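Peer 1: Input file: protein_22.txt. Contents: compact mmCIF, C-alpha atoms and all ligand atoms.
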# COMPACT_ATOMS: atom_id res chain seq x y z
CA MET A 1 56.54 1.34 -243.63
CA ASN A 2 57.00 0.84 -239.92
CA ASN A 3 54.41 -1.87 -239.54
CA ASN A 4 56.86 -4.43 -238.32
CA ASN A 5 58.78 -2.21 -235.99
CA PRO A 6 57.35 -2.81 -232.50
CA GLU A 7 59.04 0.29 -231.18
CA ASN A 8 56.63 2.38 -233.23
CA LEU A 9 53.55 1.00 -231.47
CA VAL A 10 51.39 3.79 -230.07
CA PHE A 11 49.02 3.31 -227.12
CA PHE A 12 46.20 5.63 -226.05
CA ILE A 13 44.53 5.69 -222.63
CA ASP A 14 41.54 7.82 -221.64
CA GLY A 15 42.87 10.33 -219.09
CA GLN A 16 39.61 10.64 -217.19
CA GLU A 17 39.28 6.85 -216.77
CA LEU A 18 42.92 6.54 -215.70
CA THR A 19 42.62 9.32 -213.11
CA SER A 20 39.48 7.89 -211.57
CA PHE A 21 41.09 4.41 -211.32
CA SER A 22 44.26 5.88 -209.88
CA ASN A 23 42.33 7.85 -207.21
CA ASP A 24 40.11 4.90 -206.22
CA CYS A 25 41.80 3.29 -203.17
CA GLN A 26 39.34 0.38 -203.19
CA ARG A 27 40.33 -0.81 -206.65
CA GLN A 28 43.71 -2.50 -207.21
CA GLU A 29 42.91 -4.02 -210.59
CA HIS A 30 40.51 -3.58 -213.45
CA VAL A 31 40.05 -5.70 -216.56
CA GLY A 32 39.45 -3.46 -219.57
CA ILE A 33 39.43 -3.84 -223.31
CA ALA A 34 42.07 -3.01 -225.93
CA TYR A 35 41.25 -2.09 -229.52
CA GLU A 36 44.08 -2.74 -231.92
CA TRP A 37 44.13 -1.43 -235.48
CA GLU A 38 46.48 -4.13 -236.69
CA GLY A 39 49.02 -3.04 -239.26
CA GLU A 40 48.56 0.57 -238.15
CA ASN A 41 50.55 0.25 -234.93
CA VAL A 42 47.78 1.86 -232.89
CA VAL A 43 46.12 0.42 -229.78
CA HIS A 44 43.44 2.14 -227.67
CA LEU A 45 43.16 0.91 -224.08
CA ARG A 46 39.80 1.51 -222.44
CA PHE A 47 38.35 0.75 -219.03
CA GLU A 48 34.86 0.35 -220.53
CA PRO A 49 33.98 -1.05 -223.95
CA LEU A 50 33.33 1.40 -226.77
CA PRO A 51 30.05 1.04 -228.66
CA HIS A 52 30.32 -0.50 -232.15
CA SER A 53 34.09 -0.36 -232.41
CA PHE A 54 36.17 -1.82 -235.19
CA GLY A 55 39.60 -3.43 -234.90
CA ILE A 56 40.89 -6.48 -233.06
CA THR A 57 40.13 -6.62 -229.35
CA HIS A 58 42.27 -7.92 -226.50
CA LYS A 59 41.94 -8.13 -222.76
CA VAL A 60 43.88 -5.47 -220.89
CA LEU A 61 44.65 -5.55 -217.16
CA PHE A 62 45.01 -2.20 -215.42
CA THR A 63 46.86 -2.89 -212.16
CA LYS A 64 48.44 -1.01 -209.27
CA LYS A 65 50.32 -4.12 -208.07
CA PRO A 66 53.97 -4.39 -209.11
CA ASP A 67 53.69 -8.09 -210.09
CA ASN A 68 50.80 -10.36 -210.84
CA ALA A 69 50.11 -13.51 -212.73
CA THR A 70 47.70 -12.79 -215.56
CA ASP A 71 46.89 -14.12 -218.98
CA ALA A 72 46.06 -10.64 -220.29
CA PRO A 73 48.05 -9.88 -223.45
CA ILE A 74 48.34 -6.24 -222.37
CA ILE A 75 49.14 -5.02 -218.86
CA VAL A 76 49.01 -1.40 -217.76
CA ARG A 77 50.90 -0.71 -214.53
CA VAL A 78 49.63 2.35 -212.75
CA ALA A 79 52.08 3.92 -210.27
CA ASP A 80 51.07 5.77 -207.08
CA ASN A 81 51.44 9.08 -208.87
CA GLY A 82 48.98 7.95 -211.57
CA GLN A 83 51.66 7.42 -214.22
CA ALA A 84 50.96 4.47 -216.52
CA THR A 85 53.31 2.05 -218.31
CA VAL A 86 52.12 -0.43 -220.92
CA LEU A 87 53.54 -3.94 -221.23
CA TYR A 88 52.57 -5.49 -224.56
CA ARG A 89 53.13 -9.23 -224.39
CA LYS A 90 53.30 -9.62 -228.16
CA THR A 91 56.55 -7.65 -228.24
CA GLU A 92 57.63 -8.03 -224.58
CA LEU A 93 58.41 -4.32 -224.69
CA SER A 94 57.27 -1.51 -222.39
CA TYR A 95 55.67 1.62 -223.75
CA GLU A 96 54.72 5.02 -222.43
CA PRO A 97 51.08 5.59 -223.47
CA ASN A 98 49.53 8.77 -224.85
CA ILE A 99 46.87 10.12 -222.54
CA ILE A 100 43.62 11.35 -224.13
CA PRO A 101 43.05 14.66 -222.32
CA ALA A 102 40.26 15.13 -219.82
CA LYS A 103 37.16 17.17 -220.56
CA SER A 104 38.63 20.60 -219.88
CA ASP A 105 41.44 20.17 -222.41
CA LEU A 106 39.57 18.43 -225.20
CA TYR A 107 38.36 21.65 -226.80
CA SER A 108 41.13 23.98 -225.66
CA ARG A 109 41.74 25.03 -229.26
CA ASN A 110 38.28 26.60 -229.32
CA LYS A 111 39.11 28.78 -226.31
CA GLY A 112 38.93 32.49 -227.05
CA ILE A 113 36.55 31.92 -229.96
CA LEU A 114 33.80 30.12 -228.09
CA GLU A 115 32.73 30.38 -224.47
CA LEU A 116 33.18 26.68 -223.72
CA ASN A 117 31.76 26.69 -220.21
CA ILE A 118 28.54 28.19 -221.48
CA LEU A 119 28.17 25.79 -224.41
CA GLU A 120 28.77 22.83 -222.12
CA GLN A 121 25.68 23.87 -220.13
CA LYS A 122 23.49 24.12 -223.23
CA ARG A 123 20.95 21.66 -224.55
CA VAL A 124 20.20 21.45 -228.28
CA LEU A 125 17.23 19.58 -229.74
CA ILE A 126 17.83 18.36 -233.30
CA ILE A 127 14.73 17.19 -235.13
CA GLY A 128 15.55 15.29 -238.32
CA LEU A 129 18.92 13.57 -238.68
CA GLY A 130 19.25 13.56 -242.45
CA SER A 131 22.02 15.28 -244.37
CA PHE A 132 21.40 18.56 -242.49
CA GLY A 133 20.77 17.32 -238.96
CA SER A 134 23.63 14.80 -238.96
CA GLN A 135 26.24 17.38 -239.92
CA ILE A 136 24.90 20.08 -237.64
CA GLY A 137 24.90 17.70 -234.65
CA ILE A 138 28.52 16.78 -235.17
CA GLU A 139 29.58 20.41 -235.70
CA LEU A 140 27.87 21.47 -232.47
CA ALA A 141 29.58 18.58 -230.64
CA LYS A 142 32.93 19.79 -231.96
CA ALA A 143 32.12 23.25 -230.61
CA GLY A 144 31.57 21.74 -227.14
CA VAL A 145 27.76 21.76 -226.73
CA GLY A 146 27.07 19.58 -223.67
CA THR A 147 23.63 18.03 -224.16
CA PHE A 148 21.77 16.84 -227.23
CA SER A 149 18.25 15.52 -227.84
CA LEU A 150 18.01 13.70 -231.15
CA MET A 151 14.68 12.96 -232.83
CA ASP A 152 14.33 10.87 -235.97
CA PHE A 153 12.57 7.56 -236.58
CA ASP A 154 14.49 6.81 -239.78
CA ARG A 155 17.21 4.27 -240.48
CA VAL A 156 20.28 4.74 -242.70
CA GLU A 157 19.57 3.69 -246.28
CA LEU A 158 21.85 3.36 -249.26
CA HIS A 159 20.55 6.52 -250.93
CA ASN A 160 21.44 8.56 -247.81
CA LEU A 161 25.15 7.84 -247.97
CA ALA A 162 26.15 10.44 -250.57
CA ARG A 163 25.18 13.33 -248.28
CA HIS A 164 24.93 11.87 -244.80
CA THR A 165 27.70 11.53 -242.22
CA ALA A 166 26.82 7.82 -241.84
CA THR A 167 29.06 5.25 -243.53
CA VAL A 168 28.37 1.99 -245.37
CA ASN A 169 28.92 0.22 -242.05
CA ASP A 170 25.91 2.06 -240.62
CA LEU A 171 23.38 0.80 -243.20
CA GLY A 172 20.14 -0.28 -241.53
CA ARG A 173 20.95 1.37 -238.21
CA LEU A 174 18.78 3.98 -236.54
CA LYS A 175 20.03 7.48 -237.35
CA THR A 176 19.66 8.43 -233.67
CA ASP A 177 22.19 5.70 -232.74
CA VAL A 178 24.58 6.60 -235.57
CA ILE A 179 24.62 10.30 -234.67
CA GLU A 180 24.90 9.63 -230.94
CA GLN A 181 28.03 7.63 -231.68
CA ALA A 182 29.42 10.36 -233.95
CA ILE A 183 28.74 13.06 -231.33
CA LYS A 184 30.38 11.00 -228.58
CA GLY A 185 33.30 10.29 -230.88
CA LYS A 186 33.92 14.04 -230.93
CA ASN A 187 32.92 14.77 -227.36
CA PRO A 188 32.81 11.68 -225.11
CA TYR A 189 31.43 13.87 -222.30
CA ALA A 190 28.34 14.97 -224.21
CA THR A 191 24.98 13.72 -222.93
CA VAL A 192 22.75 12.40 -225.71
CA HIS A 193 19.01 11.67 -225.38
CA LYS A 194 17.57 9.66 -228.27
CA TYR A 195 13.98 9.59 -229.53
CA PRO A 196 13.53 7.35 -232.60
CA VAL A 197 9.93 8.52 -233.08
CA ASN A 198 7.89 10.39 -235.64
CA ILE A 199 7.25 13.75 -233.97
CA ASN A 200 3.99 14.15 -235.87
CA ASP A 201 2.70 11.13 -233.94
CA ASP A 202 3.92 12.27 -230.54
CA VAL A 203 3.37 16.01 -230.20
CA GLU A 204 3.34 15.68 -226.41
CA LEU A 205 6.94 14.40 -226.40
CA LEU A 206 7.85 17.16 -228.85
CA ILE A 207 6.50 19.88 -226.55
CA ARG A 208 8.33 18.40 -223.57
CA GLU A 209 11.66 18.25 -225.40
CA VAL A 210 11.28 21.72 -226.95
CA ALA A 211 10.57 23.17 -223.50
CA LYS A 212 13.83 21.70 -222.16
CA ALA A 213 15.98 22.88 -225.08
CA ASP A 214 17.98 26.11 -225.28
CA ILE A 215 17.64 26.00 -229.05
CA VAL A 216 15.88 23.77 -231.57
CA ILE A 217 17.33 22.75 -234.93
CA CYS A 218 14.49 21.94 -237.32
CA ALA A 219 16.03 19.79 -240.04
CA THR A 220 12.98 17.85 -241.15
CA ASP A 221 11.97 17.62 -244.78
CA ASN A 222 8.26 18.31 -244.60
CA ASN A 223 5.99 21.18 -243.66
CA ARG A 224 3.71 19.22 -241.37
CA SER A 225 6.52 18.64 -238.92
CA ARG A 226 7.77 22.22 -239.36
CA PHE A 227 4.34 23.52 -238.38
CA ASN A 228 4.19 21.23 -235.36
CA ILE A 229 7.65 22.38 -234.31
CA ASN A 230 6.77 26.02 -234.91
CA ARG A 231 3.71 25.70 -232.67
CA CYS A 232 5.87 24.29 -229.89
CA VAL A 233 8.71 26.80 -230.15
CA VAL A 234 6.30 29.75 -230.26
CA SER A 235 4.30 28.53 -227.25
CA THR A 236 7.45 27.79 -225.20
CA ARG A 237 9.38 30.84 -226.54
CA THR A 238 12.33 28.66 -227.59
CA PRO A 239 14.65 29.86 -230.40
CA CYS A 240 14.52 27.59 -233.45
CA ILE A 241 16.54 27.40 -236.66
CA TYR A 242 14.99 26.00 -239.83
CA GLY A 243 17.03 25.12 -242.92
CA ARG A 244 16.37 23.52 -246.26
CA ALA A 245 17.72 23.10 -249.77
CA ILE A 246 15.88 23.99 -252.94
CA THR A 247 15.55 21.57 -255.87
CA ARG A 248 18.86 19.79 -256.50
CA ALA A 249 20.36 22.12 -253.89
CA GLU A 250 20.71 24.89 -256.47
CA GLY A 251 20.20 27.08 -253.42
CA GLY A 252 18.64 27.11 -250.01
CA ASP A 253 17.48 29.18 -247.11
CA VAL A 254 17.72 29.41 -243.36
CA PHE A 255 15.21 30.93 -240.97
CA ILE A 256 15.63 31.66 -237.28
CA TYR A 257 12.75 32.16 -234.91
CA ARG A 258 13.70 34.35 -231.96
CA PRO A 259 11.03 34.74 -229.27
CA GLY A 260 9.12 37.93 -229.95
CA GLY A 261 10.15 38.00 -233.60
CA ALA A 262 8.58 36.57 -236.73
CA CYS A 263 7.82 32.84 -236.62
CA TYR A 264 8.01 30.27 -239.41
CA CYS A 265 4.34 30.78 -240.12
CA CYS A 266 4.85 34.56 -240.46
CA LEU A 267 7.52 33.75 -243.04
CA LEU A 268 4.98 31.83 -245.12
CA GLY A 269 2.45 34.63 -244.75
CA ASN A 270 5.00 37.20 -245.89
CA ASN A 271 5.40 35.29 -249.11
CA TRP A 272 9.16 34.88 -248.92
CA PHE A 273 9.00 31.17 -248.61
CA ASN A 274 8.21 29.07 -251.65
CA ALA A 275 7.52 25.52 -250.58
CA ALA A 276 6.98 24.36 -254.15
CA MET A 277 10.70 24.83 -254.86
CA GLU A 278 11.67 22.55 -252.05
CA GLU A 279 14.13 19.75 -252.66
CA ILE A 280 12.51 16.31 -252.52
CA THR A 281 14.96 13.86 -251.01
CA ASN A 282 12.65 11.11 -249.87
CA GLU A 283 9.76 9.82 -251.99
CA GLN A 284 7.77 8.31 -249.13
CA SER A 285 7.99 11.40 -246.99
CA ALA A 286 7.04 13.63 -249.95
CA ARG A 287 4.07 11.37 -250.73
CA ASN A 288 2.95 11.48 -247.09
CA ASP A 289 2.81 15.24 -246.97
CA GLY A 290 1.35 15.66 -250.43
CA ARG A 291 4.31 17.13 -252.29
CA ILE A 292 4.08 14.10 -254.56
CA ALA A 293 0.41 13.59 -255.39
CA ALA A 294 -1.06 10.17 -254.56
CA TYR A 295 -1.82 9.35 -258.22
CA THR A 296 1.80 9.94 -259.35
CA SER A 297 3.31 6.77 -260.80
CA ALA A 298 6.39 5.21 -259.21
CA GLU A 299 8.41 6.19 -262.29
CA ASP A 300 7.33 9.84 -262.23
CA ALA A 301 7.82 10.03 -258.48
CA ASP A 302 11.32 8.69 -258.91
CA ALA A 303 12.09 11.53 -261.33
CA MET A 304 10.80 14.06 -258.78
CA VAL A 305 13.33 12.96 -256.18
CA GLN A 306 16.11 15.37 -257.04
CA VAL A 307 18.92 15.51 -254.60
CA GLY A 308 21.78 17.99 -254.77
CA LEU A 309 25.41 17.61 -253.93
CA SER A 310 26.58 17.36 -250.36
CA ALA A 311 28.88 20.32 -251.02
CA ASP A 312 25.83 22.38 -252.02
CA ILE A 313 24.02 21.88 -248.73
CA GLU A 314 27.13 22.76 -246.72
CA PRO A 315 26.50 26.54 -246.87
CA MET A 316 23.08 26.12 -245.24
CA CYS A 317 24.41 23.69 -242.61
CA ASN A 318 27.27 26.06 -241.86
CA MET A 319 24.92 29.04 -241.49
CA MET A 320 22.66 27.03 -239.16
CA VAL A 321 25.61 26.00 -236.97
CA LYS A 322 26.95 29.56 -236.72
CA LEU A 323 23.51 31.01 -235.99
CA ALA A 324 23.05 28.36 -233.28
CA LEU A 325 26.43 29.05 -231.67
CA THR A 326 25.78 32.80 -231.75
CA GLU A 327 22.36 32.39 -230.12
CA LEU A 328 23.69 29.96 -227.50
CA SER A 329 26.57 32.31 -226.65
CA ARG A 330 24.41 35.45 -226.57
CA GLY A 331 25.36 37.75 -223.71
CA ALA A 332 28.71 36.07 -223.07
CA GLN A 333 31.90 37.75 -224.22
CA SER A 334 33.58 35.50 -226.77
CA GLY A 335 35.21 35.62 -230.18
CA ILE A 336 31.86 35.31 -231.92
CA THR A 337 30.10 38.09 -229.96
CA SER A 338 30.44 40.44 -232.93
CA LEU A 339 28.25 38.09 -234.97
CA GLU A 340 25.26 39.17 -232.85
CA LYS A 341 25.44 42.46 -234.78
CA GLU A 342 25.62 40.67 -238.14
CA TYR A 343 22.89 38.08 -237.70
CA VAL A 344 20.14 40.61 -237.21
CA TYR A 345 17.77 39.17 -239.80
CA PRO A 346 15.50 36.18 -239.33
CA TYR A 347 15.74 34.93 -242.92
CA TYR A 348 18.81 34.18 -245.08
CA MET A 349 19.01 33.13 -248.71
CA TRP A 350 21.82 31.45 -250.61
CA ALA A 351 22.21 30.35 -254.25
CA ASN A 352 24.76 27.82 -255.44
CA ARG A 353 24.11 28.05 -259.19
CA ARG A 354 22.46 30.47 -261.62
CA GLU A 355 19.78 27.96 -262.59
CA ARG A 356 16.00 27.87 -262.61
CA ASN A 357 14.94 29.87 -259.53
CA TYR A 358 18.16 31.88 -259.62
CA ALA A 359 18.54 32.17 -263.41
CA ASN A 360 17.97 35.94 -263.25
CA TRP A 361 20.54 36.60 -260.58
CA GLY A 362 23.64 38.54 -261.53
CA SER A 363 26.91 36.86 -262.35
CA PHE A 364 29.37 36.60 -259.49
CA ASP A 365 31.50 39.47 -260.84
CA ASN A 366 28.62 41.86 -261.61
CA GLU A 367 28.97 45.42 -260.35
CA ASP A 368 25.29 46.36 -260.41
CA GLN A 369 24.47 45.50 -256.82
CA MET A 370 22.41 42.59 -258.07
CA PRO A 371 22.12 39.49 -255.93
CA THR A 372 24.65 36.91 -257.06
CA ILE A 373 25.33 33.28 -256.34
CA MET A 374 27.53 32.20 -253.42
CA ARG A 375 26.71 35.15 -251.16
CA TRP A 376 24.32 35.29 -248.23
CA TYR A 377 21.41 37.72 -248.32
CA GLY A 378 19.61 38.61 -245.11
CA VAL A 379 15.93 39.49 -245.28
CA ASP A 380 13.87 41.20 -242.61
CA VAL A 381 10.60 39.35 -242.08
CA PRO A 382 8.13 41.38 -240.02
CA ARG A 383 6.01 39.63 -237.48
CA ASP A 384 2.46 39.17 -238.70
CA GLU A 385 0.00 40.17 -236.00
CA HIS A 386 -2.63 38.01 -237.66
CA CYS A 387 -0.30 35.01 -237.85
CA ALA A 388 -2.19 31.85 -236.89
CA GLN A 389 0.67 30.65 -234.71
CA CYS A 390 2.26 33.72 -233.08
CA GLY A 391 -0.08 36.59 -233.89
CA GLU A 392 -1.31 38.77 -231.03
CA LYS A 393 -4.83 38.29 -232.27
CA VAL A 394 -4.60 34.51 -231.82
CA THR A 395 -4.77 32.96 -228.37
CA LEU A 396 -2.32 30.13 -227.87
CA ASP A 397 -3.33 27.19 -225.76
CA HIS A 398 -0.98 24.95 -223.85
CA GLY A 399 -0.83 21.29 -222.83
CA GLU A 400 -3.68 19.01 -223.79
CA SER A 401 -5.85 21.71 -225.27
CA PHE A 402 -2.93 22.84 -227.40
CA ILE A 403 -2.46 19.35 -228.80
CA ASN A 404 -6.17 18.96 -229.45
CA ALA A 405 -6.33 22.39 -230.97
CA PHE A 406 -3.55 21.69 -233.39
CA GLY A 407 -5.67 20.29 -236.22
CA GLN A 408 -7.89 23.33 -236.07
CA GLN A 409 -4.95 25.74 -235.96
CA ALA A 410 -3.41 24.09 -239.01
CA ALA A 411 -6.63 24.80 -240.88
CA GLN A 412 -6.39 28.46 -239.90
CA VAL A 413 -2.87 28.55 -241.34
CA ASN A 414 -4.40 27.81 -244.72
CA VAL A 415 -6.63 30.83 -244.46
CA ASN A 416 -3.91 33.20 -243.38
CA THR A 417 -1.19 32.38 -245.86
CA THR A 418 -0.92 33.03 -249.54
CA ILE A 419 0.49 29.59 -250.24
CA ASP A 420 -1.97 26.76 -250.54
CA LEU A 421 -0.69 24.21 -248.07
CA ASP A 422 -2.81 21.44 -249.57
CA ASN A 423 -0.65 21.53 -252.67
CA LEU A 424 2.73 21.39 -250.98
ZN ZN A 501 4.06 33.98 -236.73
Taking this structure as input, can you express it in the form of structure tokens?

Peer 2:
Amino acid sequence: MNNNNPENLVFFIDGQELTSFSNDCQRQEHVGIAYEWEGENVVHLRFEPLPHSFGITHKVLFTKKPDNATDAPIIVRVADNGQATVLYRKTELSYEPNIIPAKSDLYSRNKGILELNILEQKRVLIIGLGSFGSQIGIELAKAGVGTFSLMDFDRVELHNLARHTATVNDLGRLKTDVIEQAIKGKNPYATVHKYPVNINDDVELLIREVAKADIVICATDNNRSRFNINRCVVSTRTPCIYGRAITRAEGGDVFIYRPGGACYCCLLGNNWFNAAMEEITNEQSARNDGRIAAYTSAEDADAMVQVGLSADIEPMCNMMVKLALTELSRGAQSGITSLEKEYVYPYYMWANRRERNYANWGSFDNEDQMPTIMRWYGVDVPRDEHCAQCGEKVTLDHGESFINAFGQQAAQVNVNTTIDLDNL
């Protein structure tokens, strides 16, 4: 218990902010803000305020002058060589601060495994910031991806908390804001574009954002949005990763569209995908897209919302992140280059438990080459030349005509697939 020992106080200063102040001949002083986690002996000194920070705040004066009269409880003296010393009035002691490293050093531990310069140049569009999208966004930020577009119109609700990265303190906030903050908490240099909109209502925006992205993460929970996204990624030839959990997350699957390969719609046509097994995590959304029929009572609908454990969706999130990093790093020599040879399939299946859909799978220790739980299985999905969305026998339109044509194309999907979309 060192709480009362002022010598154990630890100060942090952002290295990039300090360097730019130090190099700016025009500026002699700057009033910043200090965040103190009282009782924890930790104080962060910032030139600019942090969004939504907790802790006690103080005024902090960054100054290059040797002496000055100020009422600031914390003074940071910056010497000509950029070195900083903290004077904390509460203790009347001087401290040497810790410097938060600049951009190039922040992810140095990833060097050798990931090609950081390449990832920094990449732009990832994440559609749906639920339990999948929130985790994937943060993982990609940790890996050093430079630019994010986040799309989700939803706000954080109590029932989200068990699986979402958001905390109780985020209740009621837009998920786009919560995830932006989490991404910037991991990588303050990331650029984040936020779109708190329903993509089904703004297909034009969706097309624009898909066209700008190097890869799209489709983490929505309904097929209508997946079809809209599929249309856009196929027409703009943008790689896209789709992931989902099956009822109570007893298993799940991940699909990657690579330009020229099978698309999400081909997957449906090839009968691998069973939408009826899909996990229902949100009653309203499931009612909107018909997975819960309109006449279902509130009580019955409630019973249909069956959400699995957070730990059981992790395998799918993890697979989506690694597929994304492999695609984004394609062609560059890095520690994950060998994965290009492993991730040759477009479709991957995973089971967490030998229940219901996986009841017939072999036990984990079986020696009969049967599929078992807790192992990934890759499946080759051939491209369907009659596919309504990517088939060579279908002409794709762009721009306005594409948007107008969408309703009609969706109807064609019904004809070309073996699953009746009306009953999803
Ligand atoms: Zn297709």

Peer 1: Under the rule of at most 6 Å, produce a per-residue listing of chain A near ligand ZN 501 (chain A): chain, number, name, the closest pair of atoms, and the distance in Å, as CSV, using all atoms listed in the file.

Peer 2:
residue,atom,partner,partner_atom,distance
A:Ala262,CA,A:ZN501,ZN,5.2
A:Cys263,CA,A:ZN501,ZN,3.9
A:Cys265,CA,A:ZN501,ZN,4.7
A:Cys266,CA,A:ZN501,ZN,3.9
A:Asp384,CA,A:ZN501,ZN,5.8
A:Cys387,CA,A:ZN501,ZN,4.6
A:Gln389,CA,A:ZN501,ZN,5.2
A:Cys390,CA,A:ZN501,ZN,4.1
A:Gly391,CA,A:ZN501,ZN,5.7

Peer 1: Please, what distance in Å, to one decimal, runs between atom CA of A:Ala166 and atom CA of A:Ser134?

Peer 2: 8.2 Å

Peer 1: Measuring between all atoms listed in the file, which one of A:Thr63, A:Asn318, A:Asn282, A:Ser235 shows the shortest distance to A:His159?

Peer 2: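 Using all atoms listed in the file, the shortest distance to A:His159 belongs to A:Asn282.
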
Peer 1: Determine, counting only C-alpha atoms, which protein, DNA and RNA residues have an atom within 9 Å of an atom of A:Val344; residues of the same chain fewer than 5 positions away are not included. Present the result as a list in words.

Peer 2: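 Listing them by chain and then by number gives Leu339, Gly378 and Asp380 of chain A.
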
Peer 1: Could you pull the residues within 10 Å of A:Tyr345, counting all atoms listed in the file, minus those fewer than 5 positions along the same chain, as a PyMOL selection string?

Peer 2: chain A and resi 255-257+261+377-382

Peer 1: Taking into account all atoms listed in the file, which residue in the set A:Ala84, A:Leu267, A:Ala298, A:Ile179 is nearest to A:Gly133?

Peer 2: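 Nearest candidate to A:Gly133 out of A:Ala84, A:Leu267, A:Ala298, A:Ile179: A:Ile179.
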
Peer 1: In Å, how far is it from atom CA of A:Met374 to atom CA of A:Ala143?

Peer 2: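 Spanning atom CA of A:Met374 to atom CA of A:Ala143 is a straight-line distance of 24.9 Å.
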
Peer 1: To one decimal place in Å, what is the distance between atom CA of A:Leu125 and atom CA of A:Val233?

Peer 2: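 Value for the atom CA of A:Leu125-atom CA of A:Val233 distance: 11.2 Å.
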
Peer 1: So which residues fall inside 12 Å of (26.4, 40.0, -238.1) if we count only C-alpha atoms? Mind giving them as an mmCIF file with C-alpha atoms, in the frame of the given file?

Peer 2:
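Result file follows (out_16.cif):
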data_model
loop_
_atom_site.group_PDB
_atom_site.id
_atom_site.type_symbol
_atom_site.label_atom_id
_atom_site.label_comp_id
_atom_site.auth_asym_id
_atom_site.auth_seq_id
_atom_site.Cartn_x
_atom_site.Cartn_y
_atom_site.Cartn_z
ATOM 1 C CA MET A 319 24.920 29.040 -241.490
ATOM 2 C CA LYS A 322 26.950 29.560 -236.720
ATOM 3 C CA LEU A 323 23.510 31.010 -235.990
ATOM 4 C CA THR A 326 25.780 32.800 -231.750
ATOM 5 C CA GLU A 327 22.360 32.390 -230.120
ATOM 6 C CA ILE A 336 31.860 35.310 -231.920
ATOM 7 C CA THR A 337 30.100 38.090 -229.960
ATOM 8 C CA SER A 338 30.440 40.440 -232.930
ATOM 9 C CA LEU A 339 28.250 38.090 -234.970
ATOM 10 C CA GLU A 340 25.260 39.170 -232.850
ATOM 11 C CA LYS A 341 25.440 42.460 -234.780
ATOM 12 C CA GLU A 342 25.620 40.670 -238.140
ATOM 13 C CA TYR A 343 22.890 38.080 -237.700
ATOM 14 C CA VAL A 344 20.140 40.610 -237.210
ATOM 15 C CA TYR A 345 17.770 39.170 -239.800
ATOM 16 C CA PRO A 346 15.500 36.180 -239.330
ATOM 17 C CA TYR A 348 18.810 34.180 -245.080
ATOM 18 C CA TRP A 376 24.320 35.290 -248.230
ATOM 19 C CA TYR A 377 21.410 37.720 -248.320
ATOM 20 C CA GLY A 378 19.610 38.610 -245.110
#

Peer 1: For A:Arg173, which residue out of A:Gly39, A:Gly128, A:Gly243, A:Pro196 is the nearest one, using all atoms listed in the file?

Peer 2: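 Among the listed residues, the smallest separation from A:Arg173 belongs to A:Pro196.
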
Peer 1: Env of A:Glu355: 12 Å cut, atoms = only C-alpha atoms, seq-sep filter 2 positions within chain, self excluded. Answer as a list in words.

Peer 2: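 Counting only C-alpha atoms, the residues come to Ile246, Thr247, Arg248, Ala249, Glu250, Gly251, Ala351, Asn352, Arg353, Asn357, Tyr358, Ala359, Asn360, Trp361, Gly362, Ser363, Thr372 and Ile373 of chain A.
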
Peer 1: Find the spatial neighbours of A:His164, counting all atoms listed in the file, within a cut-off of 12 Å - ignore same-chain residues fewer than 5 positions away - and output them as a list in words.

Peer 2: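 Listed by chain and then number, they are Gly128, Leu129, Gly130, Ser131, Phe132, Gly133, Ser134, Gln135, Ile136, Gly137, Ile138, Arg155, Val156, Glu157, Leu158, His159, Asp170, Leu171, Lys175, Val178, Ile179, Ala182, Thr281, Leu309, Ser310, Ala311, Ile313 and Glu314 of chain A.
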
Peer 1: Would you mind writing stretch 87-95 of chain A with N, CA and C atoms, as an mmCIF file, keeping the file's coordinate frame?

Peer 2:
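The resulting file, out33.cif, is shown below:
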data_model
loop_
_atom_site.group_PDB
_atom_site.id
_atom_site.type_symbol
_atom_site.label_atom_id
_atom_site.label_comp_id
_atom_site.auth_asym_id
_atom_site.auth_seq_id
_atom_site.Cartn_x
_atom_site.Cartn_y
_atom_site.Cartn_z
ATOM 1 N N LEU A 87 52.729 -2.779 -220.834
ATOM 2 C CA LEU A 87 53.540 -3.940 -221.230
ATOM 3 C C LEU A 87 52.731 -4.718 -222.261
ATOM 4 N N TYR A 88 53.279 -4.819 -223.462
ATOM 5 C CA TYR A 88 52.570 -5.490 -224.560
ATOM 6 C C TYR A 88 53.256 -6.833 -224.758
ATOM 7 N N ARG A 89 52.528 -7.904 -224.410
ATOM 8 C CA ARG A 89 53.130 -9.230 -224.390
ATOM 9 C C ARG A 89 53.642 -9.690 -225.768
ATOM 10 N N LYS A 90 52.937 -9.204 -226.803
ATOM 11 C CA LYS A 90 53.300 -9.620 -228.160
ATOM 12 C C LYS A 90 54.747 -9.253 -228.476
ATOM 13 N N THR A 91 55.185 -8.125 -227.941
ATOM 14 C CA THR A 91 56.550 -7.650 -228.240
ATOM 15 C C THR A 91 57.472 -7.766 -227.030
ATOM 16 N N GLU A 92 56.878 -7.995 -225.851
ATOM 17 C CA GLU A 92 57.630 -8.030 -224.580
ATOM 18 C C GLU A 92 58.353 -6.708 -224.328
ATOM 19 N N LEU A 93 57.811 -5.639 -224.911
ATOM 20 C CA LEU A 93 58.410 -4.320 -224.690
ATOM 21 C C LEU A 93 57.489 -3.456 -223.811
ATOM 22 N N SER A 94 58.074 -2.457 -223.169
ATOM 23 C CA SER A 94 57.270 -1.510 -222.390
ATOM 24 C C SER A 94 57.106 -0.217 -223.185
ATOM 25 N N TYR A 95 55.960 0.399 -222.999
ATOM 26 C CA TYR A 95 55.670 1.620 -223.750
ATOM 27 C C TYR A 95 55.101 2.679 -222.815
#
